[in-house]
Amino acid sequence: MSAALESLLDLLDLEQIERDIFRGTSRSAVVPRVFGGQVAAQALVAAGRTVPADRAAHSLHSYFLRMGDPGAPIVYSVDRIRDGRSFTTRRVVAVQHGQPIFHLSASFQTYEVGMEHQADMPPAPDPETLPTAAQMLPRYADVFTDPGVMDRLLEARAAVDLRYVDAPPFASVGESREPRSQVWFRTNGKLADDPLLHVCMATYVSDMTLLDSVLLAHGRGGWAVGDVVGASLDHAMWFHRPFRADEWLLYDQESPSASGGRGLGQARIYTQDGRLAITVIQEGVVRAPRD
């Protein structure tokens with residue numbers, strides 16, 4: 001296991017300070033605020049720790065309310081909304097400096113046998129044939145106006161092996177493309193056999209690239225390049241089938257719409273053998289920088 005992955009696992013191992021109240025810290029991000037995927041993953045950890053182990057997370061719906069301060073702890077307060085015969089519902093509010101910065105509702109379910117069908121996995125190359133972040137990012141060092149961005153990107157991706165199928169948005173600034181993007185990802189090391197941990201790790205990664213397809217449609221390079229100002233607004237996930245975040249997962253993303261200063265991304269995450277594991281939808285603020 002890489003040192004970066006160990007650090008990320010420590011980040012997700014929240015401190016319990018009271019019944020249904022947890023505290024977490026933050027790590028550095030590409031932009032000077034708390035990474036949204038981190039807050040979502042930590043909130044899901046907090047919710048999951050109040051739920052019986054035989055009930056797996058099957059969905060989450062969340063809103064990003066305020067920019068998080070990476071230098072301050074985050075307190076997660078869990079409300080036990082419902083404990084039913086098959087489903088459990090939790091609400092989590094993340095607070096910093098006395099104000100809510102994030103709100104999450106999550107639902108958990110006991111295992112059931114039921115009807116089965118799924119959308120087919122789209123074609124994608126073998127992830128082992130694609131360049132790693134360390135191999136790919138230096139090729140585009142000249143597009144980053146801030147020389148420290150590449151180092152921060154490499155640091156942010158050190159715990160997760162994330163490989164683009166096609167060139168990322170910052171590699172084709174000014175060139176509009178079809179609003180679709182694919183990446184393969186897995187953690188840089190094996191994880192424990194805890195289903196909640198794998199779900200939370202996928203939640204963390206899901207916020208890294210989902211709005212790429214919005215940028216591609218408009219020839220924008222993104223936050224790392226500085227030709228876009230934006231932030232996540234809301235994020236929803238549905239966990240359909242068991243998966244491991246330490247094995248290759250295909251993140252197939254597209255943007256059906258952008259309007260009103262907002263862009264919508266939707267995606268499906270497949271296991272390497274073709275099982276549909278997760279559906280993700282996110283909307284974010286996507287604006288050109290003001291003069």
# chains A, B, ... in the order shown; residues from 1 in each chain; ligands from 1
>>> residues_around(residues="Phe239 (chain A)", least_positions_apart="6", cutoff="7 Å", atoms="only C-alpha atoms", output="mmCIF file with all heavy atoms, in the first residue's frame")
data_model
loop_
_atom_site.group_PDB
_atom_site.id
_atom_site.type_symbol
_atom_site.label_atom_id
_atom_site.label_comp_id
_atom_site.auth_asym_id
_atom_site.auth_seq_id
_atom_site.Cartn_x
_atom_site.Cartn_y
_atom_site.Cartn_z
ATOM 1 N N ALA A 57 -24.775 0.586 1.991
ATOM 2 C CA ALA A 57 -25.210 1.845 1.381
ATOM 3 C C ALA A 57 -25.714 1.584 -0.033
ATOM 4 O O ALA A 57 -25.067 0.899 -0.813
ATOM 5 C CB ALA A 57 -24.057 2.841 1.355
ATOM 6 N N HIS A 58 -26.897 2.123 -0.353
ATOM 7 C CA HIS A 58 -27.394 1.960 -1.725
ATOM 8 C C HIS A 58 -27.614 3.298 -2.426
ATOM 9 O O HIS A 58 -27.734 3.342 -3.657
ATOM 10 C CB HIS A 58 -28.688 1.135 -1.750
ATOM 11 C CG HIS A 58 -29.918 1.893 -1.336
ATOM 12 N ND1 HIS A 58 -30.628 2.692 -2.200
ATOM 13 C CD2 HIS A 58 -30.533 1.976 -0.145
ATOM 14 C CE1 HIS A 58 -31.657 3.227 -1.567
ATOM 15 N NE2 HIS A 58 -31.620 2.816 -0.310
ATOM 16 N N SER A 59 -27.618 4.415 -1.672
ATOM 17 C CA SER A 59 -27.736 5.710 -2.346
ATOM 18 C C SER A 59 -27.324 6.833 -1.402
ATOM 19 O O SER A 59 -27.369 6.682 -0.175
ATOM 20 C CB SER A 59 -29.171 5.962 -2.842
ATOM 21 O OG SER A 59 -30.059 6.146 -1.751
ATOM 22 N N ALA A 277 -21.868 -0.999 -11.430
ATOM 23 C CA ALA A 277 -21.738 -0.902 -9.975
ATOM 24 C C ALA A 277 -22.408 0.345 -9.410
ATOM 25 O O ALA A 277 -23.052 0.286 -8.352
ATOM 26 C CB ALA A 277 -20.263 -0.922 -9.580
ATOM 27 N N ILE A 278 -22.257 1.496 -10.097
ATOM 28 C CA ILE A 278 -22.683 2.770 -9.529
ATOM 29 C C ILE A 278 -23.215 3.680 -10.635
ATOM 30 O O ILE A 278 -22.696 3.676 -11.753
ATOM 31 C CB ILE A 278 -21.505 3.497 -8.837
ATOM 32 C CG1 ILE A 278 -20.748 2.572 -7.884
ATOM 33 C CG2 ILE A 278 -21.986 4.741 -8.085
ATOM 34 C CD1 ILE A 278 -19.435 3.165 -7.379
ATOM 35 N N THR A 279 -24.226 4.474 -10.317
ATOM 36 C CA THR A 279 -24.660 5.589 -11.154
ATOM 37 C C THR A 279 -24.411 6.875 -10.377
ATOM 38 O O THR A 279 -24.657 6.932 -9.166
ATOM 39 C CB THR A 279 -26.149 5.475 -11.513
ATOM 40 O OG1 THR A 279 -26.360 4.291 -12.293
ATOM 41 C CG2 THR A 279 -26.607 6.683 -12.309
#
>>> residues_around(residues="region 167-180 of chain A", least_positions_apart="5", cutoff="12 Å", atoms="only C-alpha atoms", output="PDB file with N, CA, C and O atoms, in the first residue's frame")
ATOM      1  N   PRO A 122     -19.861   0.241 -21.923  1.00  0.00           N
ATOM      2  CA  PRO A 122     -19.369   0.735 -23.215  1.00  0.00           C
ATOM      3  C   PRO A 122     -17.956   0.229 -23.473  1.00  0.00           C
ATOM      4  O   PRO A 122     -17.246  -0.184 -22.554  1.00  0.00           O
ATOM      5  N   LEU A 130      -2.890   2.320 -20.603  1.00  0.00           N
ATOM      6  CA  LEU A 130      -3.012   3.775 -20.536  1.00  0.00           C
ATOM      7  C   LEU A 130      -1.952   4.366 -19.605  1.00  0.00           C
ATOM      8  O   LEU A 130      -1.535   3.714 -18.644  1.00  0.00           O
ATOM      9  N   PRO A 131      -1.528   5.607 -19.849  1.00  0.00           N
ATOM     10  CA  PRO A 131      -0.489   6.212 -19.004  1.00  0.00           C
ATOM     11  C   PRO A 131      -1.020   6.562 -17.615  1.00  0.00           C
ATOM     12  O   PRO A 131      -2.184   6.938 -17.447  1.00  0.00           O
ATOM     13  N   ALA A 133      -0.920   8.971 -14.085  1.00  0.00           N
ATOM     14  CA  ALA A 133      -0.861  10.422 -13.912  1.00  0.00           C
ATOM     15  C   ALA A 133       0.583  10.916 -13.960  1.00  0.00           C
ATOM     16  O   ALA A 133       0.880  11.957 -14.556  1.00  0.00           O
ATOM     17  N   MET A 136       1.533  10.991 -17.589  1.00  0.00           N
ATOM     18  CA  MET A 136       0.747  11.857 -18.459  1.00  0.00           C
ATOM     19  C   MET A 136       0.879  13.341 -18.135  1.00  0.00           C
ATOM     20  O   MET A 136       1.039  14.177 -19.034  1.00  0.00           O
ATOM     21  N   LEU A 137       0.827  13.716 -16.869  1.00  0.00           N
ATOM     22  CA  LEU A 137       0.751  15.131 -16.501  1.00  0.00           C
ATOM     23  C   LEU A 137       1.955  15.958 -16.964  1.00  0.00           C
ATOM     24  O   LEU A 137       1.776  17.099 -17.434  1.00  0.00           O
ATOM     25  N   PRO A 138       3.205  15.449 -16.861  1.00  0.00           N
ATOM     26  CA  PRO A 138       4.339  16.286 -17.312  1.00  0.00           C
ATOM     27  C   PRO A 138       4.269  16.679 -18.781  1.00  0.00           C
ATOM     28  O   PRO A 138       4.869  17.691 -19.173  1.00  0.00           O
ATOM     29  N   ARG A 139       3.523  15.946 -19.580  1.00  0.00           N
ATOM     30  CA  ARG A 139       3.387  16.300 -20.995  1.00  0.00           C
ATOM     31  C   ARG A 139       2.684  17.645 -21.177  1.00  0.00           C
ATOM     32  O   ARG A 139       2.820  18.302 -22.208  1.00  0.00           O
ATOM     33  N   TYR A 140       1.894  18.039 -20.185  1.00  0.00           N
ATOM     34  CA  TYR A 140       1.076  19.246 -20.309  1.00  0.00           C
ATOM     35  C   TYR A 140       1.493  20.317 -19.314  1.00  0.00           C
ATOM     36  O   TYR A 140       0.724  21.223 -18.999  1.00  0.00           O
ATOM     37  N   ALA A 141       2.712  20.259 -18.828  1.00  0.00           N
ATOM     38  CA  ALA A 141       3.183  21.221 -17.823  1.00  0.00           C
ATOM     39  C   ALA A 141       3.081  22.652 -18.322  1.00  0.00           C
ATOM     40  O   ALA A 141       2.847  23.582 -17.530  1.00  0.00           O
ATOM     41  N   ASP A 142       3.217  22.868 -19.634  1.00  0.00           N
ATOM     42  CA  ASP A 142       3.227  24.234 -20.154  1.00  0.00           C
ATOM     43  C   ASP A 142       1.851  24.887 -20.168  1.00  0.00           C
ATOM     44  O   ASP A 142       1.738  26.102 -20.356  1.00  0.00           O
ATOM     45  N   VAL A 143       0.764  24.111 -19.962  1.00  0.00           N
ATOM     46  CA  VAL A 143      -0.576  24.708 -19.992  1.00  0.00           C
ATOM     47  C   VAL A 143      -0.987  25.243 -18.619  1.00  0.00           C
ATOM     48  O   VAL A 143      -1.970  25.977 -18.515  1.00  0.00           O
ATOM     49  N   PHE A 144      -0.248  24.887 -17.566  1.00  0.00           N
ATOM     50  CA  PHE A 144      -0.602  25.336 -16.222  1.00  0.00           C
ATOM     51  C   PHE A 144       0.087  26.677 -15.942  1.00  0.00           C
ATOM     52  O   PHE A 144       1.313  26.772 -15.913  1.00  0.00           O
ATOM     53  N   THR A 145      -0.718  27.724 -15.748  1.00  0.00           N
ATOM     54  CA  THR A 145      -0.152  29.043 -15.483  1.00  0.00           C
ATOM     55  C   THR A 145       0.522  29.094 -14.117  1.00  0.00           C
ATOM     56  O   THR A 145       1.476  29.842 -13.921  1.00  0.00           O
ATOM     57  N   VAL A 149       0.685  23.786  -9.851  1.00  0.00           N
ATOM     58  CA  VAL A 149      -0.530  23.008 -10.085  1.00  0.00           C
ATOM     59  C   VAL A 149      -0.219  21.550 -10.382  1.00  0.00           C
ATOM     60  O   VAL A 149      -0.873  20.640  -9.866  1.00  0.00           O
ATOM     61  N   MET A 150       0.786  21.311 -11.218  1.00  0.00           N
ATOM     62  CA  MET A 150       1.079  19.931 -11.583  1.00  0.00           C
ATOM     63  C   MET A 150       1.467  19.109 -10.358  1.00  0.00           C
ATOM     64  O   MET A 150       1.041  17.960 -10.205  1.00  0.00           O
ATOM     65  N   LEU A 153      -1.652  18.359  -8.463  1.00  0.00           N
ATOM     66  CA  LEU A 153      -2.419  17.317  -9.142  1.00  0.00           C
ATOM     67  C   LEU A 153      -1.821  15.936  -8.875  1.00  0.00           C
ATOM     68  O   LEU A 153      -2.538  14.966  -8.594  1.00  0.00           O
ATOM     69  N   LEU A 162      -5.487   6.850 -11.407  1.00  0.00           N
ATOM     70  CA  LEU A 162      -6.560   7.322 -12.280  1.00  0.00           C
ATOM     71  C   LEU A 162      -5.991   7.558 -13.672  1.00  0.00           C
ATOM     72  O   LEU A 162      -5.062   8.355 -13.829  1.00  0.00           O
ATOM     73  N   MET A 208     -13.735  13.724  -8.670  1.00  0.00           N
ATOM     74  CA  MET A 208     -12.501  14.189  -9.300  1.00  0.00           C
ATOM     75  C   MET A 208     -12.681  14.627 -10.746  1.00  0.00           C
ATOM     76  O   MET A 208     -12.062  15.613 -11.182  1.00  0.00           O
ATOM     77  N   THR A 209     -13.495  13.917 -11.523  1.00  0.00           N
ATOM     78  CA  THR A 209     -13.511  14.145 -12.972  1.00  0.00           C
ATOM     79  C   THR A 209     -14.904  14.269 -13.576  1.00  0.00           C
ATOM     80  O   THR A 209     -15.021  14.401 -14.794  1.00  0.00           O
ATOM     81  N   LEU A 210     -15.960  14.259 -12.767  1.00  0.00           N
ATOM     82  CA  LEU A 210     -17.299  14.144 -13.342  1.00  0.00           C
ATOM     83  C   LEU A 210     -17.691  15.335 -14.210  1.00  0.00           C
ATOM     84  O   LEU A 210     -18.441  15.180 -15.168  1.00  0.00           O
ATOM     85  N   LEU A 211     -17.206  16.526 -13.887  1.00  0.00           N
ATOM     86  CA  LEU A 211     -17.565  17.693 -14.689  1.00  0.00           C
ATOM     87  C   LEU A 211     -16.622  17.918 -15.869  1.00  0.00           C
ATOM     88  O   LEU A 211     -16.752  18.914 -16.582  1.00  0.00           O
ATOM     89  N   ASP A 212     -15.678  17.001 -16.087  1.00  0.00           N
ATOM     90  CA  ASP A 212     -14.783  17.113 -17.248  1.00  0.00           C
ATOM     91  C   ASP A 212     -15.559  17.199 -18.551  1.00  0.00           C
ATOM     92  O   ASP A 212     -15.181  17.944 -19.470  1.00  0.00           O
ATOM     93  N   SER A 213     -16.639  16.419 -18.641  1.00  0.00           N
ATOM     94  CA  SER A 213     -17.383  16.387 -19.899  1.00  0.00           C
ATOM     95  C   SER A 213     -18.031  17.743 -20.195  1.00  0.00           C
ATOM     96  O   SER A 213     -18.198  18.116 -21.365  1.00  0.00           O
ATOM     97  N   VAL A 214     -18.408  18.490 -19.159  1.00  0.00           N
ATOM     98  CA  VAL A 214     -18.933  19.847 -19.354  1.00  0.00           C
ATOM     99  C   VAL A 214     -17.845  20.726 -19.986  1.00  0.00           C
ATOM    100  O   VAL A 214     -18.088  21.463 -20.947  1.00  0.00           O
ATOM    101  N   LEU A 215     -16.645  20.643 -19.446  1.00  0.00           N
ATOM    102  CA  LEU A 215     -15.533  21.455 -19.948  1.00  0.00           C
ATOM    103  C   LEU A 215     -15.192  21.109 -21.391  1.00  0.00           C
ATOM    104  O   LEU A 215     -14.920  21.994 -22.209  1.00  0.00           O
ATOM    105  N   LEU A 216     -15.200  19.815 -21.701  1.00  0.00           N
ATOM    106  CA  LEU A 216     -14.851  19.381 -23.051  1.00  0.00           C
ATOM    107  C   LEU A 216     -15.780  19.979 -24.089  1.00  0.00           C
ATOM    108  O   LEU A 216     -15.355  20.328 -25.202  1.00  0.00           O
ATOM    109  N   ALA A 217     -17.061  20.098 -23.764  1.00  0.00           N
ATOM    110  CA  ALA A 217     -18.036  20.620 -24.724  1.00  0.00           C
ATOM    111  C   ALA A 217     -17.755  22.068 -25.103  1.00  0.00           C
ATOM    112  O   ALA A 217     -18.186  22.531 -26.165  1.00  0.00           O
ATOM    113  N   HIS A 218     -17.002  22.785 -24.254  1.00  0.00           N
ATOM    114  CA  HIS A 218     -16.779  24.208 -24.484  1.00  0.00           C
ATOM    115  C   HIS A 218     -15.306  24.555 -24.663  1.00  0.00           C
ATOM    116  O   HIS A 218     -14.941  25.743 -24.671  1.00  0.00           O
ATOM    117  N   GLY A 219     -14.463  23.557 -24.788  1.00  0.00           N
ATOM    118  CA  GLY A 219     -13.051  23.807 -25.016  1.00  0.00           C
ATOM    119  C   GLY A 219     -12.360  24.473 -23.844  1.00  0.00           C
ATOM    120  O   GLY A 219     -11.393  25.216 -24.022  1.00  0.00           O
ATOM    121  N   ARG A 220     -12.838  24.205 -22.639  1.00  0.00           N
ATOM    122  CA  ARG A 220     -12.254  24.801 -21.439  1.00  0.00           C
ATOM    123  C   ARG A 220     -11.315  23.795 -20.766  1.00  0.00           C
ATOM    124  O   ARG A 220     -11.601  22.597 -20.706  1.00  0.00           O
ATOM    125  N   GLY A 221     -10.212  24.317 -20.224  1.00  0.00           N
ATOM    126  CA  GLY A 221      -9.236  23.434 -19.595  1.00  0.00           C
ATOM    127  C   GLY A 221      -9.539  23.094 -18.155  1.00  0.00           C
ATOM    128  O   GLY A 221      -9.082  22.089 -17.638  1.00  0.00           O
ATOM    129  N   GLY A 222     -10.316  23.979 -17.498  1.00  0.00           N
ATOM    130  CA  GLY A 222     -10.722  23.678 -16.136  1.00  0.00           C
ATOM    131  C   GLY A 222     -10.011  24.492 -15.084  1.00  0.00           C
ATOM    132  O   GLY A 222      -9.248  25.421 -15.365  1.00  0.00           O
ATOM    133  N   TRP A 223     -10.241  24.105 -13.833  1.00  0.00           N
ATOM    134  CA  TRP A 223      -9.748  24.856 -12.678  1.00  0.00           C
ATOM    135  C   TRP A 223      -8.220  24.865 -12.629  1.00  0.00           C
ATOM    136  O   TRP A 223      -7.617  25.855 -12.219  1.00  0.00           O
ATOM    137  N   ALA A 224      -7.602  23.785 -13.040  1.00  0.00           N
ATOM    138  CA  ALA A 224      -6.139  23.714 -12.996  1.00  0.00           C
ATOM    139  C   ALA A 224      -5.497  24.683 -13.978  1.00  0.00           C
ATOM    140  O   ALA A 224      -4.390  25.160 -13.763  1.00  0.00           O
ATOM    141  N   VAL A 225      -6.198  24.988 -15.069  1.00  0.00           N
ATOM    142  CA  VAL A 225      -5.689  25.906 -16.085  1.00  0.00           C
ATOM    143  C   VAL A 225      -6.068  27.349 -15.751  1.00  0.00           C
ATOM    144  O   VAL A 225      -5.339  28.285 -16.080  1.00  0.00           O
ATOM    145  N   GLY A 226      -7.221  27.524 -15.108  1.00  0.00           N
ATOM    146  CA  GLY A 226      -7.643  28.860 -14.721  1.00  0.00           C
ATOM    147  C   GLY A 226      -8.609  29.518 -15.676  1.00  0.00           C
ATOM    148  O   GLY A 226      -8.884  30.709 -15.538  1.00  0.00           O
ATOM    149  N   ASP A 227      -9.157  28.756 -16.654  1.00  0.00           N
ATOM    150  CA  ASP A 227     -10.105  29.370 -17.581  1.00  0.00           C
ATOM    151  C   ASP A 227     -11.553  29.073 -17.191  1.00  0.00           C
ATOM    152  O   ASP A 227     -12.481  29.322 -17.954  1.00  0.00           O
ATOM    153  N   VAL A 228     -11.748  28.529 -15.992  1.00  0.00           N
ATOM    154  CA  VAL A 228     -13.077  28.237 -15.475  1.00  0.00           C
ATOM    155  C   VAL A 228     -13.082  28.529 -13.978  1.00  0.00           C
ATOM    156  O   VAL A 228     -12.106  28.262 -13.276  1.00  0.00           O
ATOM    157  N   TYR A 251     -15.080   4.645 -15.222  1.00  0.00           N
ATOM    158  CA  TYR A 251     -15.949   5.785 -14.945  1.00  0.00           C
ATOM    159  C   TYR A 251     -16.328   6.406 -16.284  1.00  0.00           C
ATOM    160  O   TYR A 251     -15.543   7.151 -16.880  1.00  0.00           O
ATOM    161  N   ASP A 252     -17.525   6.110 -16.772  1.00  0.00           N
ATOM    162  CA  ASP A 252     -18.001   6.557 -18.086  1.00  0.00           C
ATOM    163  C   ASP A 252     -18.913   7.763 -17.874  1.00  0.00           C
ATOM    164  O   ASP A 252     -20.014   7.630 -17.342  1.00  0.00           O
ATOM    165  N   GLN A 253     -18.450   8.960 -18.312  1.00  0.00           N
ATOM    166  CA  GLN A 253     -19.091  10.217 -17.946  1.00  0.00           C
ATOM    167  C   GLN A 253     -19.559  10.990 -19.172  1.00  0.00           C
ATOM    168  O   GLN A 253     -18.920  10.948 -20.225  1.00  0.00           O
ATOM    169  N   GLU A 254     -20.645  11.740 -19.006  1.00  0.00           N
ATOM    170  CA  GLU A 254     -21.128  12.601 -20.079  1.00  0.00           C
ATOM    171  C   GLU A 254     -21.868  13.793 -19.468  1.00  0.00           C
ATOM    172  O   GLU A 254     -22.276  13.756 -18.307  1.00  0.00           O
ATOM    173  N   SER A 255     -22.026  14.838 -20.283  1.00  0.00           N
ATOM    174  CA  SER A 255     -22.768  16.020 -19.851  1.00  0.00           C
ATOM    175  C   SER A 255     -23.936  16.254 -20.797  1.00  0.00           C
ATOM    176  O   SER A 255     -23.731  16.624 -21.957  1.00  0.00           O
ATOM    177  N   PRO A 256     -25.174  16.069 -20.319  1.00  0.00           N
ATOM    178  CA  PRO A 256     -26.330  16.302 -21.192  1.00  0.00           C
ATOM    179  C   PRO A 256     -26.734  17.762 -21.289  1.00  0.00           C
ATOM    180  O   PRO A 256     -27.505  18.124 -22.183  1.00  0.00           O
ATOM    181  N   SER A 257     -26.225  18.627 -20.380  1.00  0.00           N
ATOM    182  CA  SER A 257     -26.695  20.010 -20.387  1.00  0.00           C
ATOM    183  C   SER A 257     -25.743  20.922 -19.622  1.00  0.00           C
ATOM    184  O   SER A 257     -25.115  20.513 -18.640  1.00  0.00           O
ATOM    185  N   ALA A 258     -25.660  22.172 -20.100  1.00  0.00           N
ATOM    186  CA  ALA A 258     -25.045  23.271 -19.350  1.00  0.00           C
ATOM    187  C   ALA A 258     -25.876  24.512 -19.635  1.00  0.00           C
ATOM    188  O   ALA A 258     -26.198  24.804 -20.792  1.00  0.00           O
ATOM    189  N   GLY A 263     -23.329  23.339 -14.939  1.00  0.00           N
ATOM    190  CA  GLY A 263     -23.126  22.221 -15.845  1.00  0.00           C
ATOM    191  C   GLY A 263     -23.513  20.923 -15.150  1.00  0.00           C
ATOM    192  O   GLY A 263     -23.246  20.748 -13.955  1.00  0.00           O
ATOM    193  N   LEU A 264     -24.134  20.021 -15.891  1.00  0.00           N
ATOM    194  CA  LEU A 264     -24.594  18.750 -15.342  1.00  0.00           C
ATOM    195  C   LEU A 264     -23.742  17.612 -15.889  1.00  0.00           C
ATOM    196  O   LEU A 264     -23.505  17.521 -17.097  1.00  0.00           O
ATOM    197  N   GLY A 265     -23.269  16.762 -14.999  1.00  0.00           N
ATOM    198  CA  GLY A 265     -22.555  15.561 -15.394  1.00  0.00           C
ATOM    199  C   GLY A 265     -23.289  14.331 -14.889  1.00  0.00           C
ATOM    200  O   GLY A 265     -23.827  14.334 -13.780  1.00  0.00           O
ATOM    201  N   GLN A 266     -23.329  13.301 -15.706  1.00  0.00           N
ATOM    202  CA  GLN A 266     -23.913  12.029 -15.281  1.00  0.00           C
ATOM    203  C   GLN A 266     -22.990  10.906 -15.725  1.00  0.00           C
ATOM    204  O   GLN A 266     -22.275  11.033 -16.725  1.00  0.00           O
ATOM    205  N   ALA A 267     -22.974   9.821 -14.975  1.00  0.00           N
ATOM    206  CA  ALA A 267     -21.981   8.784 -15.255  1.00  0.00           C
ATOM    207  C   ALA A 267     -22.430   7.436 -14.735  1.00  0.00           C
ATOM    208  O   ALA A 267     -23.307   7.336 -13.859  1.00  0.00           O
ATOM    209  N   ARG A 268     -21.795   6.417 -15.281  1.00  0.00           N
ATOM    210  CA  ARG A 268     -21.945   5.049 -14.786  1.00  0.00           C
ATOM    211  C   ARG A 268     -20.560   4.483 -14.515  1.00  0.00           C
ATOM    212  O   ARG A 268     -19.619   4.742 -15.270  1.00  0.00           O
TER     213      ARG A 268
END
>>> residues_around(residues="Thr132 (chain A)", least_positions_apart="4", cutoff="12 Å", atoms="only C-alpha atoms", output="PyMOL selection string")
chain A and resi 127-128+136-139+154+157-158+160-165+183-186+188
>>> closest_atom_pairs(of="region 143-228 of chain A", to="region 3-19 of chain A", cutoff="10 Å", atoms="only C-alpha atoms", output="Markdown table")
| residue | atom | partner | partner_atom | distance |
| --- | --- | --- | --- | --- |
| A:Glu155 | CA | A:Ala4 | CA | 8.1 |
| A:Ala156 | CA | A:Ala4 | CA | 8.9 |
| A:Arg157 | CA | A:Ala4 | CA | 8.8 |
| A:Ala158 | CA | A:Ala4 | CA | 5.7 |
| A:Ala159 | CA | A:Leu5 | CA | 4.2 |
| A:Val160 | CA | A:Leu5 | CA | 7.3 |
| A:Thr187 | CA | A:Leu5 | CA | 7.2 |
| A:Asn188 | CA | A:Leu5 | CA | 6.4 |
| A:Gly189 | CA | A:Leu5 | CA | 7.1 |
| A:Lys190 | CA | A:Leu5 | CA | 9.3 |
| A:Leu191 | CA | A:Leu9 | CA | 9.1 |
| A:Leu197 | CA | A:Leu12 | CA | 8.6 |
| A:Cys200 | CA | A:Leu12 | CA | 8.3 |
| A:Met201 | CA | A:Leu12 | CA | 8.7 |
| A:Tyr204 | CA | A:Leu12 | CA | 9.7 |
>>> write_last_selection(atoms="N, CA and C atoms", output="short mmCIF file (atom, residue, chain, number, x, y, z; two decimals), in the first residue's frame")
data_model
loop_
_atom_site.label_atom_id
_atom_site.label_comp_id
_atom_site.auth_asym_id
_atom_site.auth_seq_id
_atom_site.Cartn_x
_atom_site.Cartn_y
_atom_site.Cartn_z
N GLU A 155 -0.01 15.07 -6.34
CA GLU A 155 -0.24 14.74 -4.93
C GLU A 155 -1.68 14.27 -4.72
N ALA A 156 -2.64 14.95 -5.38
CA ALA A 156 -4.05 14.59 -5.23
C ALA A 156 -4.34 13.21 -5.80
N ARG A 157 -3.57 12.80 -6.81
CA ARG A 157 -3.82 11.50 -7.46
C ARG A 157 -2.90 10.40 -6.92
N ALA A 158 -2.09 10.68 -5.92
CA ALA A 158 -1.11 9.70 -5.46
C ALA A 158 -1.75 8.48 -4.81
N ALA A 159 -2.89 8.65 -4.17
CA ALA A 159 -3.56 7.53 -3.49
C ALA A 159 -4.39 6.69 -4.44
N VAL A 160 -4.71 7.27 -5.60
CA VAL A 160 -5.60 6.61 -6.56
C VAL A 160 -4.93 6.60 -7.93
N THR A 187 -7.56 2.16 -6.28
CA THR A 187 -6.65 2.66 -5.27
C THR A 187 -5.25 2.11 -5.49
N ASN A 188 -4.25 2.84 -5.05
CA ASN A 188 -2.86 2.40 -5.17
C ASN A 188 -2.50 1.49 -4.00
N GLY A 189 -3.15 0.37 -3.95
CA GLY A 189 -2.92 -0.60 -2.89
C GLY A 189 -4.21 -1.29 -2.51
N LYS A 190 -4.09 -2.43 -1.85
CA LYS A 190 -5.26 -3.22 -1.45
C LYS A 190 -5.94 -2.59 -0.24
N LEU A 191 -7.26 -2.76 -0.20
CA LEU A 191 -8.07 -2.26 0.90
C LEU A 191 -8.61 -3.43 1.72
N LEU A 197 -16.04 0.83 3.29
CA LEU A 197 -14.80 1.50 2.90
C LEU A 197 -14.71 1.63 1.38
N CYS A 200 -17.14 4.30 0.21
CA CYS A 200 -16.66 5.64 0.55
C CYS A 200 -15.49 6.05 -0.33
N MET A 201 -14.63 5.10 -0.67
CA MET A 201 -13.50 5.42 -1.54
C MET A 201 -13.99 5.79 -2.95
N TYR A 204 -15.28 9.28 -2.85
CA TYR A 204 -14.16 10.23 -2.88
C TYR A 204 -13.71 10.48 -4.33
#
>>> select_by_dssp(residues="region 26-92 of chain A", states="strand (DSSP E or B)", output="list in words")
Arg55, Ala56, Ala57, His58, Ser59, Leu60, His61, Ser62, Tyr63, Phe64, Ile74, Val75, Tyr76, Ser77, Val78, Asp79, Arg80, Ile81, Arg82, Asp83, Phe87, Thr88, Thr89, Arg90, Arg91 and Val92 of chain A
>>> atom_distance(atom1="CA of Arg27 (chain A)", atom2="CA of Val229 (chain A)")
21.2 Å
>>> closest_residue(among="A:Thr88, A:Ser77, A:Gln96, A:Thr129", to="Asp20 (chain A)", atoms="only C-alpha atoms")
A:Ser77
>>> closest_residue(among="A:Thr271, A:Ser2, A:Gln118, A:Ser26", to="Val75 (chain A)", atoms="only C-alpha atoms")
A:Ser26
